[in-house]
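**Q** Let me begin by handing over the structure; questions about it come next.
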Amino acid sequence: MPDRAEPEIPQRLADSLESAVLAVAESLSTPDISPPMLDVHAPHEVLHTWKDFFIHIATIVIGLLIAVGLEQTVEYFHHRQQVAEIRRSLAEERRLNEVIFTSACNEFRRYAPILLGSMQTLTYLRTHPDAPPSQWPGRFSFYMLTIRFQDSAWKTALQSAALVYMPRAEVRTYSDVYARLAEVSDESVAELHAVIRAKSFMLQMTDPSTINSEQSIQAYTLVSEVVTSLYLMGIGERNIARLYTDFHRPPTDMELYALIPPLPAKQDIEAVREIAAPVNPEK
């Protein structure tokens with residue numbers, strides 16, 4: 001009786017177990033490899049028709065317009081904030097200048113009669129030499145009326161690009177106000193220098209009642225320069241108040257006209273010519 005063939009199933013089972021063991025061993029010995037990161041790209045589609053091309057271009061243009069619009073919107077609100085801050089600073093400085101303006105007008109009214117009294121006294125002493133001070137129509141007083149309006153906020157605004165975003169009429173108004181205030185301040189400096197010259201001359205005389213004719217004319221001229229500067233200051237203040245009603249109580253026309261010095265007498269003109277005439281060496 002022939003021998004029976006060995007069954008194949010146990011052999012196959014053994015082979016399968018061996019393969020499984022080898023697979024597990026290889027998996028344990030092989031290091032983990034991270035899967036590649038997902039790389040996202042814009043779709044690269046082939047443009048087959050003009051319609052696809054124009055849609056693609058329109059998409060790009062719309063995206064650019066949206067980006068530019070957002071940037072312009074941010075800049076717009078930023079400039080609006082800058083303009084608001086500048087307006088607040090200018091408003092505060094204007095209120096301060098209004099106070100200075102009112103004080104300057106009050107000082108004008110206090111100082112103008114003193115200067116007129118000095119000029120009347122010089123004229124009086126010309127015809128009444130050696131008259132005691134009790135008989136003088138006025139007194140000599142050289143008060144330095146210094147006015148300086150504030151303009152730091154305006155200078156800061158000029159250095160800022162925010163003025164471009166303000167209405168042109170508003171900018172012109174600010175510019176005009178500060179220019180007129182600067183004129184008054186500059187005239188105040190001129191008045192200060194004129195006072196110093198007149199006071200220096202008068203201090204040379206120990207007794208003004210003994211002033212001679214030549215000294216009287218020189219003193220009258222120097223005091224007239226002070227009066228002229230004060231008059232120009234008053235004119236500037238009056239013009240500002242006429243244009244901008246938040247500046248109050250400027251000098252009136254009558255107060256200004258009172259400062260206009262009278263024309264010198266004929267003998268005074270001749271005396272001035274003699275003083276100013278050059279010396280002739282032949283005589």
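Naming scheme: A, B, ... for chains in displayed order of the structure tokens; residues 1 onward per chain; ligands 1 onward as shown.
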What's the 10 Å shell around region 192-194 of chain A, counting only C-alpha atoms, without same-chain residues fewer than 4 positions away, as a PyMOL selection string?
**A** chain A and resi 142-147+186-188+198-200+222-230
**Q** Restricting it to N, CA, C and O atoms, dump the selection as a PDB file, in the first residue's frame.
**A**
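Result written to out_32.pdb:
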ATOM      1  N   PHE A 142       7.664 155.903  31.042  1.00  0.00           N
ATOM      2  CA  PHE A 142       7.987 155.083  29.878  1.00  0.00           C
ATOM      3  C   PHE A 142       7.758 153.621  30.242  1.00  0.00           C
ATOM      4  O   PHE A 142       8.627 152.931  30.743  1.00  0.00           O
ATOM      5  N   TYR A 143       6.535 153.235  29.987  1.00  0.00           N
ATOM      6  CA  TYR A 143       6.092 151.889  30.325  1.00  0.00           C
ATOM      7  C   TYR A 143       6.304 150.988  29.115  1.00  0.00           C
ATOM      8  O   TYR A 143       5.956 151.343  27.988  1.00  0.00           O
ATOM      9  N   MET A 144       6.877 149.824  29.340  1.00  0.00           N
ATOM     10  CA  MET A 144       7.160 148.894  28.249  1.00  0.00           C
ATOM     11  C   MET A 144       5.996 147.927  28.105  1.00  0.00           C
ATOM     12  O   MET A 144       5.835 147.009  28.913  1.00  0.00           O
ATOM     13  N   LEU A 145       5.183 148.161  27.106  1.00  0.00           N
ATOM     14  CA  LEU A 145       4.012 147.327  26.847  1.00  0.00           C
ATOM     15  C   LEU A 145       4.413 146.212  25.881  1.00  0.00           C
ATOM     16  O   LEU A 145       4.485 146.409  24.664  1.00  0.00           O
ATOM     17  N   THR A 146       4.701 145.055  26.431  1.00  0.00           N
ATOM     18  CA  THR A 146       5.161 143.927  25.613  1.00  0.00           C
ATOM     19  C   THR A 146       4.043 142.915  25.450  1.00  0.00           C
ATOM     20  O   THR A 146       3.456 142.458  26.431  1.00  0.00           O
ATOM     21  N   ILE A 147       3.751 142.584  24.202  1.00  0.00           N
ATOM     22  CA  ILE A 147       2.688 141.634  23.877  1.00  0.00           C
ATOM     23  C   ILE A 147       3.292 140.522  23.034  1.00  0.00           C
ATOM     24  O   ILE A 147       4.007 140.785  22.064  1.00  0.00           O
ATOM     25  N   ASP A 186       4.920 142.031  16.676  1.00  0.00           N
ATOM     26  CA  ASP A 186       6.119 142.687  16.132  1.00  0.00           C
ATOM     27  C   ASP A 186       6.110 144.185  16.429  1.00  0.00           C
ATOM     28  O   ASP A 186       7.158 144.775  16.731  1.00  0.00           O
ATOM     29  N   GLU A 187       4.946 144.800  16.344  1.00  0.00           N
ATOM     30  CA  GLU A 187       4.858 146.228  16.654  1.00  0.00           C
ATOM     31  C   GLU A 187       5.108 146.472  18.136  1.00  0.00           C
ATOM     32  O   GLU A 187       5.623 147.520  18.535  1.00  0.00           O
ATOM     33  N   SER A 188       4.737 145.485  18.971  1.00  0.00           N
ATOM     34  CA  SER A 188       5.034 145.599  20.391  1.00  0.00           C
ATOM     35  C   SER A 188       6.538 145.603  20.634  1.00  0.00           C
ATOM     36  O   SER A 188       7.033 146.328  21.508  1.00  0.00           O
ATOM     37  N   ALA A 198      13.810 156.426  24.203  1.00  0.00           N
ATOM     38  CA  ALA A 198      13.294 157.639  24.841  1.00  0.00           C
ATOM     39  C   ALA A 198      13.686 157.700  26.312  1.00  0.00           C
ATOM     40  O   ALA A 198      14.076 158.767  26.822  1.00  0.00           O
ATOM     41  N   LYS A 199      13.583 156.598  27.000  1.00  0.00           N
ATOM     42  CA  LYS A 199      13.928 156.583  28.424  1.00  0.00           C
ATOM     43  C   LYS A 199      15.418 156.853  28.638  1.00  0.00           C
ATOM     44  O   LYS A 199      15.796 157.578  29.573  1.00  0.00           O
ATOM     45  N   SER A 200      16.267 156.294  27.771  1.00  0.00           N
ATOM     46  CA  SER A 200      17.707 156.529  27.894  1.00  0.00           C
ATOM     47  C   SER A 200      18.035 158.005  27.708  1.00  0.00           C
ATOM     48  O   SER A 200      18.891 158.568  28.409  1.00  0.00           O
ATOM     49  N   LEU A 222      11.500 161.296  20.051  1.00  0.00           N
ATOM     50  CA  LEU A 222      11.618 159.950  20.598  1.00  0.00           C
ATOM     51  C   LEU A 222      10.299 159.468  21.201  1.00  0.00           C
ATOM     52  O   LEU A 222       9.908 158.304  21.015  1.00  0.00           O
ATOM     53  N   VAL A 223       9.618 160.357  21.914  1.00  0.00           N
ATOM     54  CA  VAL A 223       8.320 159.970  22.480  1.00  0.00           C
ATOM     55  C   VAL A 223       7.301 159.740  21.368  1.00  0.00           C
ATOM     56  O   VAL A 223       6.437 158.856  21.469  1.00  0.00           O
ATOM     57  N   SER A 224       7.399 160.506  20.287  1.00  0.00           N
ATOM     58  CA  SER A 224       6.485 160.317  19.154  1.00  0.00           C
ATOM     59  C   SER A 224       6.653 158.935  18.530  1.00  0.00           C
ATOM     60  O   SER A 224       5.684 158.335  18.054  1.00  0.00           O
ATOM     61  N   GLU A 225       7.880 158.424  18.528  1.00  0.00           N
ATOM     62  CA  GLU A 225       8.099 157.079  18.012  1.00  0.00           C
ATOM     63  C   GLU A 225       7.387 156.035  18.871  1.00  0.00           C
ATOM     64  O   GLU A 225       6.821 155.060  18.349  1.00  0.00           O
ATOM     65  N   VAL A 226       7.396 156.263  20.170  1.00  0.00           N
ATOM     66  CA  VAL A 226       6.672 155.344  21.057  1.00  0.00           C
ATOM     67  C   VAL A 226       5.176 155.414  20.776  1.00  0.00           C
ATOM     68  O   VAL A 226       4.482 154.383  20.688  1.00  0.00           O
ATOM     69  N   VAL A 227       4.669 156.632  20.630  1.00  0.00           N
ATOM     70  CA  VAL A 227       3.239 156.822  20.357  1.00  0.00           C
ATOM     71  C   VAL A 227       2.856 156.185  19.026  1.00  0.00           C
ATOM     72  O   VAL A 227       1.795 155.545  18.901  1.00  0.00           O
ATOM     73  N   THR A 228       3.719 156.313  18.023  1.00  0.00           N
ATOM     74  CA  THR A 228       3.427 155.725  16.711  1.00  0.00           C
ATOM     75  C   THR A 228       3.333 154.206  16.796  1.00  0.00           C
ATOM     76  O   THR A 228       2.430 153.592  16.210  1.00  0.00           O
ATOM     77  N   SER A 229       4.255 153.597  17.532  1.00  0.00           N
ATOM     78  CA  SER A 229       4.202 152.132  17.689  1.00  0.00           C
ATOM     79  C   SER A 229       2.935 151.710  18.421  1.00  0.00           C
ATOM     80  O   SER A 229       2.284 150.724  18.037  1.00  0.00           O
ATOM     81  N   LEU A 230       2.560 152.454  19.455  1.00  0.00           N
ATOM     82  CA  LEU A 230       1.333 152.125  20.177  1.00  0.00           C
ATOM     83  C   LEU A 230       0.118 152.311  19.276  1.00  0.00           C
ATOM     84  O   LEU A 230      -0.832 151.512  19.329  1.00  0.00           O
TER      85      LEU A 230
END
**Q** What lies within 8 Å of Leu116 (chain A) using only C-alpha atoms, ignoring chain neighbours under 3 positions off, as a PyMOL selection string?
**A** chain A and resi 112-113+119-120+138+227+259
**Q** Hey, can you spit out that residue selection with N, CA, C and O atoms as a CSV table (one decimal), in the first residue's frame?
**A**
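Below is the file out23.csv, written as the result:
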chain,number,residue,atom,x,y,z
A,112,ALA,N,-2.0,154.9,26.8
A,112,ALA,CA,-2.1,156.0,25.9
A,112,ALA,C,-2.2,157.3,26.5
A,112,ALA,O,-1.5,158.3,26.1
A,113,PRO,N,-3.0,157.5,27.6
A,113,PRO,CA,-3.0,158.9,28.2
A,113,PRO,C,-1.7,159.3,28.8
A,113,PRO,O,-1.4,160.5,28.9
A,119,MET,N,4.0,164.0,26.0
A,119,MET,CA,4.1,164.9,24.8
A,119,MET,C,3.6,166.3,25.2
A,119,MET,O,4.2,167.3,24.8
A,120,GLN,N,2.5,166.3,25.9
A,120,GLN,CA,2.0,167.7,26.3
A,120,GLN,C,2.9,168.4,27.2
A,120,GLN,O,3.1,169.6,27.1
A,138,GLY,N,1.2,166.8,32.4
A,138,GLY,CA,1.3,165.3,32.4
A,138,GLY,C,2.6,164.9,33.1
A,138,GLY,O,3.3,165.8,33.7
A,227,VAL,N,4.7,156.6,20.6
A,227,VAL,CA,3.2,156.8,20.4
A,227,VAL,C,2.9,156.2,19.0
A,227,VAL,O,1.8,155.5,18.9
A,259,LEU,N,-4.2,159.5,19.5
A,259,LEU,CA,-2.8,159.3,19.5
A,259,LEU,C,-2.0,159.9,18.4
A,259,LEU,O,-0.8,160.0,18.4
**Q** I'd like the contact shell of region 240-248 of chain A - 12 Å cut-off, only C-alpha atoms, skipping same-chain residues fewer than 5 positions apart - returned as a list in words.
**A**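 Near region 240-248 of chain A, the qualifying residues are Ala91, Arg94, Arg95, Leu96, Asn97, Glu98, Val99, Ile100, Phe101, Thr102, Ser103, Ala104, Cys105, Asn106, Thr173, Tyr174, Asp176, Val177, Tyr178, Ala179, Arg180, Leu181, Ala182, Glu183, Val184, Met233, Gly234, Ile235 and Asp253 of chain A.
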**Q** Any chance you can output those residues with N, CA and C atoms as an mmCIF file, in the first residue's frame?
**A**
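Full text of again-v9.cif as output:
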data_model
loop_
_atom_site.group_PDB
_atom_site.id
_atom_site.type_symbol
_atom_site.label_atom_id
_atom_site.label_comp_id
_atom_site.auth_asym_id
_atom_site.auth_seq_id
_atom_site.Cartn_x
_atom_site.Cartn_y
_atom_site.Cartn_z
ATOM 1 N N ALA A 91 -7.894 125.526 18.851
ATOM 2 C CA ALA A 91 -8.986 126.147 19.619
ATOM 3 C C ALA A 91 -8.504 126.562 21.007
ATOM 4 N N ARG A 94 -6.290 129.577 20.642
ATOM 5 C CA ARG A 94 -7.074 130.774 20.314
ATOM 6 C C ARG A 94 -7.716 131.364 21.565
ATOM 7 N N ARG A 95 -8.233 130.507 22.439
ATOM 8 C CA ARG A 95 -8.810 131.022 23.684
ATOM 9 C C ARG A 95 -7.752 131.731 24.529
ATOM 10 N N LEU A 96 -6.549 131.200 24.532
ATOM 11 C CA LEU A 96 -5.462 131.858 25.262
ATOM 12 C C LEU A 96 -5.128 133.202 24.626
ATOM 13 N N ASN A 97 -5.082 133.260 23.302
ATOM 14 C CA ASN A 97 -4.794 134.529 22.626
ATOM 15 C C ASN A 97 -5.907 135.549 22.819
ATOM 16 N N GLU A 98 -7.129 135.083 22.975
ATOM 17 C CA GLU A 98 -8.222 136.019 23.259
ATOM 18 C C GLU A 98 -8.007 136.705 24.604
ATOM 19 N N VAL A 99 -7.526 135.953 25.590
ATOM 20 C CA VAL A 99 -7.247 136.544 26.901
ATOM 21 C C VAL A 99 -6.102 137.550 26.783
ATOM 22 N N ILE A 100 -5.053 137.193 26.056
ATOM 23 C CA ILE A 100 -3.926 138.111 25.855
ATOM 24 C C ILE A 100 -4.392 139.364 25.114
ATOM 25 N N PHE A 101 -5.266 139.175 24.146
ATOM 26 C CA PHE A 101 -5.780 140.311 23.362
ATOM 27 C C PHE A 101 -6.542 141.281 24.253
ATOM 28 N N THR A 102 -7.420 140.766 25.087
ATOM 29 C CA THR A 102 -8.187 141.631 25.989
ATOM 30 C C THR A 102 -7.268 142.383 26.945
ATOM 31 N N SER A 103 -6.271 141.692 27.473
ATOM 32 C CA SER A 103 -5.315 142.342 28.374
ATOM 33 C C SER A 103 -4.532 143.432 27.647
ATOM 34 N N ALA A 104 -4.140 143.164 26.405
ATOM 35 C CA ALA A 104 -3.388 144.159 25.627
ATOM 36 C C ALA A 104 -4.236 145.405 25.362
ATOM 37 N N CYS A 105 -5.518 145.208 25.061
ATOM 38 C CA CYS A 105 -6.400 146.359 24.820
ATOM 39 C C CYS A 105 -6.587 147.185 26.096
ATOM 40 N N ASN A 106 -6.691 146.523 27.228
ATOM 41 C CA ASN A 106 -6.800 147.256 28.493
ATOM 42 C C ASN A 106 -5.531 148.058 28.781
ATOM 43 N N THR A 173 -8.181 130.979 6.984
ATOM 44 C CA THR A 173 -8.629 131.752 8.148
ATOM 45 C C THR A 173 -7.614 131.669 9.277
ATOM 46 N N TYR A 174 -7.163 130.464 9.583
ATOM 47 C CA TYR A 174 -6.135 130.309 10.618
ATOM 48 C C TYR A 174 -4.882 131.110 10.262
ATOM 49 N N ASP A 176 -4.575 133.754 8.390
ATOM 50 C CA ASP A 176 -4.797 135.197 8.486
ATOM 51 C C ASP A 176 -4.797 135.662 9.939
ATOM 52 N N VAL A 177 -5.457 134.903 10.813
ATOM 53 C CA VAL A 177 -5.504 135.292 12.227
ATOM 54 C C VAL A 177 -4.101 135.354 12.820
ATOM 55 N N TYR A 178 -3.324 134.315 12.578
ATOM 56 C CA TYR A 178 -1.984 134.281 13.168
ATOM 57 C C TYR A 178 -1.072 135.334 12.549
ATOM 58 N N ALA A 179 -1.259 135.649 11.273
ATOM 59 C CA ALA A 179 -0.448 136.692 10.649
ATOM 60 C C ALA A 179 -0.757 138.059 11.269
ATOM 61 N N ARG A 180 -2.024 138.329 11.529
ATOM 62 C CA ARG A 180 -2.406 139.608 12.132
ATOM 63 C C ARG A 180 -1.939 139.700 13.591
ATOM 64 N N LEU A 181 -2.047 138.605 14.315
ATOM 65 C CA LEU A 181 -1.548 138.613 15.691
ATOM 66 C C LEU A 181 -0.032 138.811 15.721
ATOM 67 N N ALA A 182 0.660 138.220 14.750
ATOM 68 C CA ALA A 182 2.122 138.388 14.678
ATOM 69 C C ALA A 182 2.491 139.838 14.392
ATOM 70 N N GLU A 183 1.695 140.535 13.587
ATOM 71 C CA GLU A 183 1.969 141.952 13.305
ATOM 72 C C GLU A 183 1.872 142.786 14.582
ATOM 73 N N VAL A 184 0.860 142.504 15.391
ATOM 74 C CA VAL A 184 0.721 143.240 16.648
ATOM 75 C C VAL A 184 1.899 142.935 17.574
ATOM 76 N N MET A 233 -0.112 149.366 16.956
ATOM 77 C CA MET A 233 -0.619 148.217 17.706
ATOM 78 C C MET A 233 -2.134 148.291 17.840
ATOM 79 N N GLY A 234 -2.635 149.478 18.165
ATOM 80 C CA GLY A 234 -4.080 149.649 18.307
ATOM 81 C C GLY A 234 -4.817 149.438 17.004
ATOM 82 N N ILE A 235 -4.232 149.897 15.888
ATOM 83 C CA ILE A 235 -4.850 149.672 14.574
ATOM 84 C C ILE A 235 -4.957 148.175 14.289
ATOM 85 N N ASP A 253 -12.036 154.051 17.401
ATOM 86 C CA ASP A 253 -11.452 155.013 16.470
ATOM 87 C C ASP A 253 -11.074 156.314 17.180
#
**Q** So how far away is CA of Val189 (chain A) from CA of Pro208 (chain A), in Å?
**A** 26.9 Å
**Q** I need the residue nearest Tyr124 (chain A) from this list: A:Ile55, A:Arg87, A:Arg139, A:Thr156. Use only C-alpha atoms for the distance.
**A**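 Of A:Ile55, A:Arg87, A:Arg139, A:Thr156, the one nearest Tyr124 (chain A) is A:Arg139, counting only C-alpha atoms.
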**Q** Using only C-alpha atoms, can you tell me which of A:Val195, A:Ala258, A:Leu232, A:Leu125 comes closest to Ser209 (chain A)?
**A**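 Result for the nearest residue to Ser209 (chain A): A:Leu125.
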